[in-house]
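Below: start38.cif (mmCIF, C-alpha atoms)
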data_protein
#
loop_
_atom_site.label_atom_id
_atom_site.label_comp_id
_atom_site.auth_asym_id
_atom_site.auth_seq_id
_atom_site.Cartn_x
_atom_site.Cartn_y
_atom_site.Cartn_z
CA MET I 1 0.00 0.00 0.00
CA ARG I 2 2.63 2.40 1.13
CA ARG I 3 4.78 1.56 -1.85
CA SER I 4 1.93 2.17 -4.28
CA VAL I 5 1.14 5.56 -2.67
CA LEU I 6 4.77 6.54 -2.97
CA ALA I 7 4.79 5.36 -6.55
CA ALA I 8 1.68 7.39 -7.28
CA ILE I 9 3.26 10.49 -5.74
CA ALA I 10 6.42 9.86 -7.71
CA VAL I 11 4.38 9.65 -10.91
CA LEU I 12 2.50 12.85 -10.05
CA VAL I 13 5.70 14.69 -9.23
CA SER I 14 7.35 13.58 -12.44
CA VAL I 15 4.23 14.53 -14.41
CA GLY I 16 4.29 17.92 -12.70
CA ALA I 17 7.96 18.35 -13.45
CA GLY I 18 7.28 17.15 -16.98
CA ILE I 19 4.67 19.84 -17.51
CA ALA I 20 7.03 22.46 -16.16
CA ALA I 21 9.84 21.30 -18.38
CA ASP I 22 7.78 20.68 -21.52
CA ASP I 23 5.52 23.66 -21.39
CA PRO I 24 6.77 26.25 -18.93
CA ILE I 25 4.68 28.94 -20.64
CA LYS I 26 1.47 27.06 -19.92
CA ALA I 27 2.57 26.22 -16.39
CA ARG I 28 3.48 29.78 -15.44
CA LYS I 29 0.29 31.15 -16.98
CA GLU I 30 -1.72 28.77 -14.86
CA LEU I 31 0.25 29.77 -11.79
CA MET I 32 -0.32 33.48 -12.43
CA GLU I 33 -4.01 32.92 -13.09
CA ALA I 34 -4.28 31.01 -9.84
CA ASN I 35 -2.57 33.91 -8.03
CA GLY I 36 -5.13 36.27 -9.57
CA LYS I 37 -8.01 34.11 -8.36
CA THR I 38 -6.48 33.89 -4.91
CA THR I 39 -6.23 37.67 -4.76
CA LYS I 40 -9.67 38.26 -6.22
CA ALA I 41 -11.18 36.35 -3.33
CA VAL I 42 -9.48 38.67 -0.83
CA VAL I 43 -10.33 41.94 -2.62
CA PRO I 44 -13.80 42.35 -1.05
CA MET I 45 -12.20 42.01 2.39
CA MET I 46 -9.61 44.66 1.53
CA LYS I 47 -12.40 47.00 0.52
CA GLY I 48 -14.22 46.29 3.78
CA GLN I 49 -17.17 44.85 1.87
CA ALA I 50 -16.78 41.27 3.06
CA LYS I 51 -16.34 39.97 6.56
CA PHE I 52 -12.72 39.46 7.56
CA ASP I 53 -11.88 35.76 7.38
CA LEU I 54 -8.52 34.92 8.94
CA ALA I 55 -8.40 31.37 7.55
CA ALA I 56 -9.05 32.59 4.00
CA VAL I 57 -6.37 35.28 4.32
CA GLN I 58 -3.86 32.76 5.63
CA ALA I 59 -4.71 30.37 2.80
CA ALA I 60 -4.11 33.16 0.28
CA LEU I 61 -0.75 34.07 1.82
CA ASN I 62 0.29 30.42 1.83
CA ALA I 63 -0.65 30.25 -1.84
CA TYR I 64 1.64 33.23 -2.56
CA ILE I 65 4.45 31.58 -0.60
CA ALA I 66 4.08 28.38 -2.63
CA ALA I 67 3.82 30.30 -5.89
CA ALA I 68 6.93 32.34 -5.11
CA GLU I 69 8.89 29.12 -4.62
CA LYS I 70 7.60 27.51 -7.78
CA ALA I 71 7.70 30.47 -10.15
CA PRO I 72 11.43 30.96 -10.91
CA ALA I 73 11.72 27.44 -12.36
CA LEU I 74 8.90 28.20 -14.78
CA PHE I 75 10.98 30.77 -16.63
CA PRO I 76 13.81 28.59 -17.96
CA VAL I 77 16.18 29.94 -20.58
CA GLY I 78 14.60 29.40 -23.97
CA SER I 79 11.02 29.86 -22.77
CA GLU I 80 10.93 33.51 -23.84
CA LYS I 81 9.64 32.09 -27.11
CA GLY I 82 7.70 29.07 -28.24
CA GLY I 83 4.18 30.12 -27.35
CA LYS I 84 1.96 33.05 -26.57
CA THR I 85 3.66 34.70 -23.63
CA GLU I 86 3.56 38.10 -22.01
CA ALA I 87 6.87 37.46 -20.30
CA LEU I 88 9.33 40.09 -21.52
CA PRO I 89 12.92 39.34 -22.62
CA ALA I 90 13.99 41.65 -19.75
CA ILE I 91 13.41 38.65 -17.43
CA TRP I 92 16.31 36.76 -18.94
CA MET I 93 18.50 39.82 -19.09
CA ASN I 94 17.95 40.51 -15.37
CA LYS I 95 17.53 37.01 -14.08
CA SER I 96 18.95 37.68 -10.63
CA ASP I 97 16.68 40.68 -10.04
CA PHE I 98 13.71 38.75 -11.38
CA GLU I 99 14.35 35.84 -9.02
CA ALA I 100 15.11 38.10 -6.07
CA ARG I 101 11.64 39.58 -6.48
CA PHE I 102 10.04 36.17 -5.96
CA VAL I 103 12.17 35.67 -2.86
CA LYS I 104 10.92 39.04 -1.62
CA LEU I 105 7.31 38.07 -2.32
CA GLY I 106 7.81 34.87 -0.33
CA THR I 107 9.55 36.62 2.58
CA GLU I 108 6.96 39.38 2.81
CA SER I 109 4.09 36.90 2.54
CA LYS I 110 5.57 34.92 5.44
CA ALA I 111 5.99 38.11 7.49
CA ALA I 112 2.37 39.08 6.77
CA LEU I 113 1.24 35.59 7.71
CA ALA I 114 2.87 36.04 11.10
CA ALA I 115 1.64 39.62 11.57
CA ILE I 116 -2.00 39.26 10.56
CA LYS I 117 -4.17 38.37 13.54
CA ASP I 118 -7.28 40.48 13.03
CA GLU I 119 -8.90 42.87 10.60
CA ALA I 120 -6.72 45.85 11.56
CA SER I 121 -3.46 43.96 11.11
CA PHE I 122 -4.86 42.55 7.85
CA GLN I 123 -5.59 46.03 6.49
CA ALA I 124 -2.13 47.20 7.50
CA ASN I 125 -0.14 44.25 6.17
CA TYR I 126 -1.92 42.72 3.20
CA GLY I 127 -1.77 45.58 0.68
CA PRO I 128 2.03 45.93 0.88
CA VAL I 129 2.44 42.23 -0.04
CA LEU I 130 0.44 42.85 -3.22
CA LYS I 131 2.74 45.71 -4.22
CA ASN I 132 5.12 42.92 -5.22
CA CYS I 133 2.77 41.92 -8.05
CA GLY I 134 2.85 45.35 -9.67
CA GLY I 135 6.56 45.75 -9.00
CA CYS I 136 7.30 42.75 -11.18
CA HIS I 137 4.61 43.36 -13.80
CA GLU I 138 5.94 46.88 -14.27
CA LEU I 139 9.23 45.59 -15.61
CA TYR I 140 8.67 42.07 -16.80
CA ARG I 141 5.18 41.73 -18.25
CA ALA I 142 4.25 42.99 -21.72
CA LYS I 143 1.69 45.75 -21.84
CA GLU I 144 -1.73 45.21 -23.30
CA LYS I 145 -1.81 45.14 -27.07
CA MET X 146 11.82 89.10 -62.11
CA LYS X 147 8.65 90.45 -60.62
CA ALA X 148 7.55 86.91 -59.84
CA LEU X 149 10.81 86.23 -58.02
CA ALA X 150 10.43 89.41 -55.96
CA ALA X 151 6.89 88.39 -55.08
CA LEU X 152 8.08 84.94 -54.09
CA ILE X 153 10.81 86.36 -51.86
CA ALA X 154 8.31 88.76 -50.32
CA LEU X 155 5.92 85.88 -49.63
CA ALA X 156 8.69 83.79 -48.10
CA LEU X 157 9.66 86.68 -45.84
CA ILE X 158 6.07 87.23 -44.78
CA GLY X 159 5.77 83.49 -44.13
CA ALA X 160 8.95 83.45 -42.06
CA GLY X 161 7.80 86.54 -40.19
CA ALA X 162 4.42 85.00 -39.48
CA PHE X 163 6.07 81.79 -38.28
CA TRP X 164 8.38 83.76 -36.00
CA PHE X 165 5.50 85.80 -34.63
CA LEU X 166 3.11 82.88 -34.17
CA SER X 167 5.71 80.58 -32.65
CA ALA X 168 6.98 83.06 -30.04
CA PRO X 169 7.10 81.70 -26.47
CA SER X 170 4.40 83.30 -24.34
CA ARG X 171 5.13 85.37 -21.25
CA LEU X 172 3.97 84.29 -17.82
CA ASP X 173 0.64 85.82 -16.88
CA PRO X 174 1.44 88.87 -14.65
CA GLN X 175 -1.17 87.83 -12.09
CA ILE X 176 0.48 84.40 -11.75
CA ALA X 177 3.92 86.05 -11.60
CA ALA X 178 2.79 88.21 -8.68
CA GLU X 179 1.14 85.26 -6.90
CA MET X 180 4.36 83.25 -7.16
CA ASP X 181 6.09 85.82 -4.95
CA LYS X 182 4.10 84.66 -1.92
CA PRO X 183 5.81 81.97 0.17
CA GLY X 184 4.81 78.38 -0.62
CA ASP X 185 4.05 75.60 1.85
CA ALA X 186 6.56 72.78 1.27
CA ARG X 187 4.49 70.28 3.26
CA ALA X 188 1.44 70.83 1.09
CA GLY X 189 3.80 70.77 -1.88
CA GLU X 190 4.85 67.24 -1.05
CA ILE X 191 1.34 66.00 -1.87
CA VAL X 192 1.38 67.99 -5.12
CA PHE X 193 4.72 66.36 -5.90
CA TRP X 194 3.30 62.85 -5.55
CA VAL X 195 0.10 63.46 -7.45
CA SER X 196 2.07 65.16 -10.23
CA GLY X 197 4.39 62.17 -10.47
CA CYS X 198 7.55 64.27 -10.99
CA ALA X 199 9.75 61.38 -9.86
CA ALA X 200 8.37 59.03 -12.51
CA CYS X 201 10.27 60.92 -15.20
CA HIS X 202 12.90 63.02 -13.42
CA ALA X 203 14.34 60.43 -11.01
CA LYS X 204 16.64 57.74 -12.30
CA SER X 205 15.62 55.12 -9.77
CA ALA X 206 12.24 54.30 -8.26
CA ASP X 207 14.14 53.56 -5.03
CA GLU X 208 15.33 57.18 -4.82
CA PRO X 209 12.34 59.18 -5.98
CA LEU X 210 13.55 62.42 -4.37
CA LYS X 211 16.75 62.59 -6.41
CA LEU X 212 15.50 64.44 -9.46
CA GLY X 213 18.78 64.50 -11.36
CA GLY X 214 17.12 63.54 -14.64
CA GLY X 215 15.43 60.32 -15.52
CA LYS X 216 15.65 57.45 -17.91
CA GLU X 217 15.28 57.94 -21.63
CA LEU X 218 11.65 57.98 -22.80
CA GLU X 219 10.54 56.67 -26.15
CA THR X 220 8.10 58.86 -28.07
CA PRO X 221 6.74 58.65 -31.63
CA PHE X 222 9.08 61.57 -32.49
CA GLY X 223 12.27 60.11 -31.03
CA PRO X 224 13.87 59.60 -27.62
CA ILE X 225 13.96 62.27 -24.92
CA THR X 226 15.65 62.16 -21.53
CA PRO X 227 13.90 64.23 -18.85
CA PRO X 228 16.25 66.88 -17.46
CA ASN X 229 17.72 67.45 -14.04
CA ILE X 230 15.19 69.42 -11.97
CA SER X 231 16.97 68.98 -8.66
CA PRO X 232 17.91 72.21 -6.83
CA ASP X 233 21.52 71.92 -7.98
CA PRO X 234 22.44 75.45 -9.13
CA ASP X 235 24.60 74.33 -12.06
CA ASP X 236 22.96 71.21 -13.46
CA GLY X 237 19.46 71.48 -12.01
CA ILE X 238 17.03 74.35 -11.53
CA GLY X 239 18.51 75.75 -8.32
CA ASN X 240 19.08 79.14 -9.95
CA TRP X 241 15.57 79.43 -11.34
CA SER X 242 13.16 82.01 -9.95
CA ALA X 243 9.69 81.00 -8.81
CA GLN X 244 8.40 82.78 -11.90
CA ALA X 245 10.67 80.80 -14.21
CA PHE X 246 9.33 77.60 -12.66
CA ALA X 247 5.74 78.81 -13.11
CA ARG X 248 6.47 79.69 -16.73
CA ALA X 249 7.62 76.10 -17.34
CA ILE X 250 4.40 74.77 -15.79
CA TYR X 251 1.93 77.20 -17.37
CA ASP X 252 3.60 78.14 -20.64
CA GLY X 253 5.90 75.20 -21.31
CA VAL X 254 8.88 77.56 -21.61
CA ASN X 255 12.26 77.11 -19.93
CA GLU X 256 14.40 79.67 -18.15
CA GLU X 257 16.18 80.62 -21.39
CA GLY X 258 12.83 81.40 -22.96
CA GLU X 259 12.77 78.33 -25.22
CA HIS X 260 9.76 76.11 -25.77
CA LEU X 261 9.81 72.85 -23.86
CA PHE X 262 8.70 69.77 -25.72
CA PRO X 263 5.29 68.57 -24.53
CA ALA X 264 6.77 65.28 -23.33
CA PHE X 265 6.78 67.46 -20.20
CA PRO X 266 3.05 67.38 -19.47
CA TYR X 267 2.43 71.14 -19.24
CA PRO X 268 -0.71 70.71 -21.36
CA SER X 269 -2.11 69.18 -18.14
CA TYR X 270 -0.01 70.98 -15.51
CA ARG X 271 -1.14 74.38 -16.77
CA HIS X 272 -4.52 73.62 -15.19
CA MET X 273 -2.90 73.54 -11.73
CA SER X 274 -3.82 76.23 -9.24
CA VAL X 275 -1.16 78.82 -8.53
CA ALA X 276 -1.24 77.81 -4.86
CA ASP X 277 -0.34 74.22 -5.79
CA VAL X 278 2.47 75.32 -8.10
CA ARG X 279 3.85 77.63 -5.41
CA ASP X 280 3.73 74.84 -2.83
CA LEU X 281 5.35 72.39 -5.23
CA TRP X 282 8.14 74.88 -5.91
CA ALA X 283 8.73 75.26 -2.16
CA TYR X 284 8.95 71.47 -1.81
CA LEU X 285 11.27 70.96 -4.79
CA ARG X 286 13.68 73.59 -3.40
CA GLY X 287 14.31 71.39 -0.37
CA LEU X 288 15.12 68.17 -2.23
CA PRO X 289 18.68 66.84 -2.61
CA LYS X 290 20.93 68.55 -5.12
CA VAL X 291 22.05 66.15 -7.83
CA ARG X 292 24.82 66.72 -10.37
CA GLY X 293 24.66 65.68 -13.99
CA LEU X 294 22.96 66.77 -17.21
CA SER X 295 20.66 64.76 -19.46
CA PRO X 296 21.49 64.41 -23.16
CA PRO X 297 19.46 66.61 -25.54
CA PRO X 298 16.37 65.09 -27.18
CA GLY X 299 17.00 62.86 -30.19
CA PHE X 300 14.01 64.05 -32.22
CA GLY X 301 14.28 63.98 -35.99
CA PHE X 302 13.64 66.98 -38.25
CA PRO X 303 11.27 68.86 -38.14
CA PHE X 304 10.26 67.77 -34.63
CA ASN X 305 13.56 68.95 -33.21
CA ILE X 306 12.74 72.62 -33.94
CA ARG X 307 11.76 74.17 -30.62
CA ARG X 308 10.13 77.15 -32.30
CA ALA X 309 7.70 74.78 -34.03
CA VAL X 310 6.37 73.83 -30.60
CA GLY X 311 4.99 77.39 -30.46
CA ILE X 312 2.72 76.59 -33.40
CA TRP X 313 1.76 73.29 -31.76
CA LYS X 314 0.73 75.21 -28.65
CA ARG X 315 -1.44 77.53 -30.76
CA LEU X 316 -3.18 74.47 -32.19
CA TYR X 317 -3.77 72.56 -28.98
CA LEU X 318 -3.46 74.86 -25.99
CA PRO X 319 -6.01 77.66 -26.02
CA ARG X 320 -5.19 80.53 -23.68
CA LEU X 321 -6.34 79.99 -20.12
CA ALA X 322 -7.19 82.38 -17.33
CA PRO X 323 -5.00 81.75 -14.25
CA PRO X 324 -6.54 78.58 -12.74
CA GLU X 325 -8.29 78.97 -9.41
CA ALA X 326 -7.88 76.56 -6.53
CA VAL X 327 -10.65 73.94 -6.37
CA ALA X 328 -12.12 73.21 -2.94
CA ALA X 329 -11.44 69.67 -1.74
CA ALA X 330 -14.86 69.74 -0.07
CA ASP X 331 -16.52 69.01 -3.43
CA PRO X 332 -15.06 65.57 -4.27
CA ILE X 333 -16.18 65.40 -7.90
CA ALA X 334 -14.87 68.86 -8.76
CA TYR X 335 -11.68 68.20 -6.83
CA GLY X 336 -11.28 64.83 -8.50
CA ARG X 337 -11.66 66.46 -11.91
CA TYR X 338 -8.97 68.94 -10.94
CA LEU X 339 -6.58 66.19 -9.82
CA VAL X 340 -7.20 64.12 -12.95
CA GLN X 341 -6.95 66.97 -15.48
CA GLY X 342 -4.30 69.06 -13.75
CA PRO X 343 -1.51 67.67 -11.59
CA GLY X 344 -2.45 63.99 -12.11
CA HIS X 345 -2.12 64.49 -15.91
CA CYS X 346 -4.01 61.24 -16.56
CA GLY X 347 -4.94 62.36 -20.08
CA GLU X 348 -1.31 62.37 -21.17
CA CYS X 349 -1.50 58.58 -21.52
CA HIS X 350 -5.25 57.91 -21.45
CA THR X 351 -6.35 60.44 -24.10
CA PRO X 352 -5.67 59.52 -27.73
CA ARG X 353 -3.44 61.83 -29.78
CA ASP X 354 -3.57 62.85 -33.41
CA PHE X 355 -0.63 62.57 -35.86
CA LEU X 356 1.02 65.69 -34.42
CA GLY X 357 0.81 64.34 -30.89
CA GLY X 358 -2.02 66.71 -29.98
CA PRO X 359 -4.66 65.40 -27.59
CA ILE X 360 -8.05 64.66 -29.18
CA ALA X 361 -10.29 66.49 -26.75
CA SER X 362 -13.50 64.78 -27.87
CA LYS X 363 -11.96 61.43 -26.92
CA ALA X 364 -10.59 62.49 -23.53
CA LEU X 365 -9.65 59.58 -21.24
CA THR X 366 -11.05 56.92 -23.60
CA GLY X 367 -7.76 55.00 -23.64
CA ALA X 368 -4.90 55.35 -26.08
CA LYS X 369 -1.78 53.87 -27.53
CA MET X 370 1.00 54.50 -25.04
CA PRO X 371 3.43 57.29 -25.99
CA SER X 372 6.22 54.70 -26.08
CA GLY X 373 4.30 52.91 -28.83
CA LYS X 374 4.11 49.77 -26.70
CA GLY X 375 0.77 48.75 -25.30
CA LYS X 376 -2.47 50.57 -24.67
CA SER X 377 -3.87 52.51 -21.76
CA HIS X 378 -7.36 51.76 -20.45
CA ASP X 379 -10.54 53.62 -21.15
CA ILE X 380 -11.08 55.40 -17.82
CA THR X 381 -14.32 57.16 -18.73
CA PRO X 382 -17.47 55.95 -16.91
CA THR X 383 -18.13 53.71 -19.94
CA GLY X 384 -14.72 52.08 -19.74
CA LEU X 385 -15.03 51.72 -15.98
CA LYS X 386 -18.61 50.47 -15.97
CA ASP X 387 -17.60 47.20 -14.28
CA TRP X 388 -15.56 49.06 -11.67
CA SER X 389 -17.04 50.50 -8.49
CA GLU X 390 -15.58 53.56 -6.79
CA SER X 391 -13.98 51.29 -4.21
CA ASP X 392 -12.46 49.15 -6.98
CA ILE X 393 -10.82 52.27 -8.43
CA GLU X 394 -9.59 53.34 -5.00
CA LEU X 395 -8.07 49.92 -4.34
CA ALA X 396 -6.40 49.83 -7.75
CA LEU X 397 -4.92 53.31 -7.34
CA THR X 398 -3.50 52.53 -3.91
CA THR X 399 -2.42 48.89 -4.17
CA GLY X 400 -2.38 48.29 -7.94
CA ILE X 401 -4.84 45.42 -7.58
CA THR X 402 -7.74 45.21 -10.03
CA PRO X 403 -11.18 43.76 -9.19
CA GLU X 404 -10.09 40.62 -11.08
CA GLY X 405 -7.18 40.09 -8.73
CA ASP X 406 -4.68 41.10 -11.42
CA SER X 407 -2.20 43.91 -10.86
CA LEU X 408 -1.56 47.07 -12.84
CA GLY X 409 1.78 46.88 -14.58
CA GLY X 410 3.75 49.10 -16.93
CA ALA X 411 3.69 52.82 -16.29
CA MET X 412 0.67 52.47 -13.99
CA ALA X 413 2.77 50.62 -11.41
CA GLU X 414 4.81 53.80 -10.97
CA VAL X 415 1.64 55.90 -10.81
CA VAL X 416 0.34 53.65 -8.03
CA ARG X 417 3.61 54.05 -6.12
CA ASN X 418 3.23 57.82 -6.30
CA LEU X 419 -0.46 57.89 -5.48
CA SER X 420 0.06 55.74 -2.40
CA HIS X 421 1.43 58.92 -0.76
CA LEU X 422 -1.89 60.74 -1.19
CA PRO X 423 -4.48 61.24 1.52
CA LYS X 424 -7.44 58.84 1.26
CA GLU X 425 -9.77 61.74 0.47
CA ASP X 426 -7.82 62.62 -2.67
CA ILE X 427 -7.98 59.05 -3.98
CA HIS X 428 -11.68 59.02 -3.20
CA ALA X 429 -12.15 62.28 -5.13
CA ILE X 430 -10.38 60.82 -8.18
CA ALA X 431 -12.60 57.72 -8.06
CA ARG X 432 -15.75 59.82 -7.66
CA TYR X 433 -14.87 61.96 -10.65
CA LEU X 434 -13.90 59.05 -12.89
CA LYS X 435 -17.23 57.34 -12.19
CA ALA X 436 -19.19 60.59 -12.61
CA GLY X 437 -17.50 61.57 -15.87
CA PRO X 438 -16.78 64.95 -17.40
#
Any chance you could put this one into structure tokens?
Amino acid sequence: MRRSVLAAIAVLVSVGAGIAADDPIKARKELMEANGKTTKAVVPMMKGQAKFDLAAVQAALNAYIAAAEKAPALFPVGSEKGGKTEALPAIWMNKSDFEARFVKLGTESKAALAAIKDEASFQANYGPVLKNCGGCHELYRAKEK
Amino acid sequence: MKALAALIALALIGAGAFWFLSAPSRLDPQIAAEMDKPGDARAGEIVFWVSGCAACHAKSADEPLKLGGGKELETPFGPITPPNISPDPDDGIGNWSAQAFARAIYDGVNEEGEHLFPAFPYPSYRHMSVADVRDLWAYLRGLPKVRGLSPPPGFGFPFNIRRAVGIWKRLYLPRLAPPEAVAAADPIAYGRYLVQGPGHCGECHTPRDFLGGPIASKALTGAKMPSGKGKSHDITPTGLKDWSESDIELALTTGITPEGDSLGGAMAEVVRNLSHLPKEDIHAIARYLKAGP
């Protein structure tokens, strides 16, 4: 039983890695879209129009932390082409800055996770985490056509 | 022979007319007198952020108060590098008078009396109240002095002729009475002022014609970006019909859209600047954008 579970996980992991390696453009698009959905769910709370939900906020922050760890591998050299992508060539010209920004997103998400206990600390700490999205999109995402 | 004389006469008249029509305008005497009053640097700080000076005149977003000249901008007419407007007396504008500064804002004319290219958004800034310009001047005077000069614009002929900008101004910038201060107590009117004046939203969101002049009838309906890359959004009530006032406020302060996406490109910088504004000012902008002109 245990062996088959492990085998199943191994298969899933290799499939996951396979997707990342074979089609990083698709994989990173899905990751970014998931980030958008995560954020969209929190927006009404930020605007004070939905009840503050600590568990939902923590889940969102954990999703950012996971995404920040996964993302750099989804921009391998060579994936600036080969599909419809909004990722700009500047990513591969400034790889260390680009990757440092994901580290910063992860670090700040973890700090917010520790700091947010109630609605007031949520309002104070959540917005600054999201500044990381725009900071990266400013430099590394193509503008609307 | 007669024909040649007539031709020369016509050419001279033409040249004379061009020289006359393209002359840089003088600063309104009422504004000049008002600029002599002391400005409030603290109030000027808010004007600085809403005007987004740092976006073009600072080299690094991490040091927005060092206005030693910015990064090269792409325009349809060629590249231009915003100049040093730090208070350095040699390389910046430390030796300018308050009136010279006001003339740049209201008339688009530099201290030497030359036309400035409208990459500097004086077509919007000239709607700013004299009080705001005076306060902004007081604030800019206290910023760090930075050395260094920007290269001259790389515009091709005939767009490199500064005098020609005088004709452009006659086409697109009708004469204005000195703008009055708008009371913040009326959010829609104040929002309109922030959007049309210091905020200079129309510079990117209003389409331009082939001479780079704003098409007034299409104000804020979204446009090709001046760099030629990408498009700005329609921010009229029609374009923002799916956005509530609170959506606009959230986007302008955090960069997050109602869809959970984030504003990128030049808007990311705008959001950084606007995050220094009081909540009431952001609210006024949102109210006005939803209400429409």
Which one of X:Asn418, X:Thr381, X:Ser407, X:Ser274 sits closest to chain I if you count all atoms listed in the file?
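Looking only at the distances to chain I, the closest residue turns out to be X:Ser407.
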Convert the output of the PyMOL selection byres ((chain X and resi 204-219) around 9) on the shown file into explicit residues, formatted as JSON, numbers by chain.
{"X": [198, 199, 200, 201, 202, 203, 220, 221, 222, 223, 224, 225, 226, 227, 228, 229, 230, 231, 232, 233, 236, 237, 264, 285, 288, 289, 290, 291, 292, 293, 294, 295, 371, 372, 373, 414, 417]}
Evaluate the PyMOL selection byres ((chain X) within 8 of (chain I)) and record the selected residues as a ChimeraX atom specification, following the chain and residue labels used in the document.
/X:374-377,391-392,395,399-401,403-414
Here is a test: counting only C-alpha atoms, which residue of X:Phe265, X:Gly301, X:Arg432, X:Trp164 is nearest to Pro332 in chain X?
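Ranking X:Phe265, X:Gly301, X:Arg432, X:Trp164 by distance to Pro332 in chain X, first place goes to X:Arg432.
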Any chance you could work out the residue set of the PyMOL selection byres ((chain I and resi 64) around 10) here, as a list of chain:residue names?
I:Leu31, I:Ala34, I:Asn35, I:Thr38, I:Thr39, I:Gln58, I:Ala59, I:Ala60, I:Leu61, I:Asn62, I:Ala63, I:Ile65, I:Ala66, I:Ala67, I:Ala68, I:Glu69, I:Lys70, I:Phe102, I:Leu105, I:Gly106, I:Glu108, I:Ser109, I:Lys110, I:Val129, I:Leu130
Can you measure CA of Phe300 in chain X to CA of His260 in chain X for me? One decimal in Å is fine.
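Between CA of Phe300 in chain X and CA of His260 in chain X the gap is 14.3 Å.
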One decimal, Å: what's the distance from CA of Ala326 in chain X over to CA of Ala276 in chain X, could you say?
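Those two atoms sit 7.0 Å apart.
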What does the structure give for the distance between CA of Asn255 in chain X and CA of Asn305 in chain X, in Å to one decimal?
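Going from CA of Asn255 in chain X over to CA of Asn305 in chain X covers 15.6 Å.
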Out of X:His378, X:Lys424, X:Arg337, X:Arg279, which residue has the shortest atom-to-atom distance to Pro183 in chain X when counting all atoms listed in the file?
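Ranking X:His378, X:Lys424, X:Arg337, X:Arg279 by distance to Pro183 in chain X, first place goes to X:Arg279.
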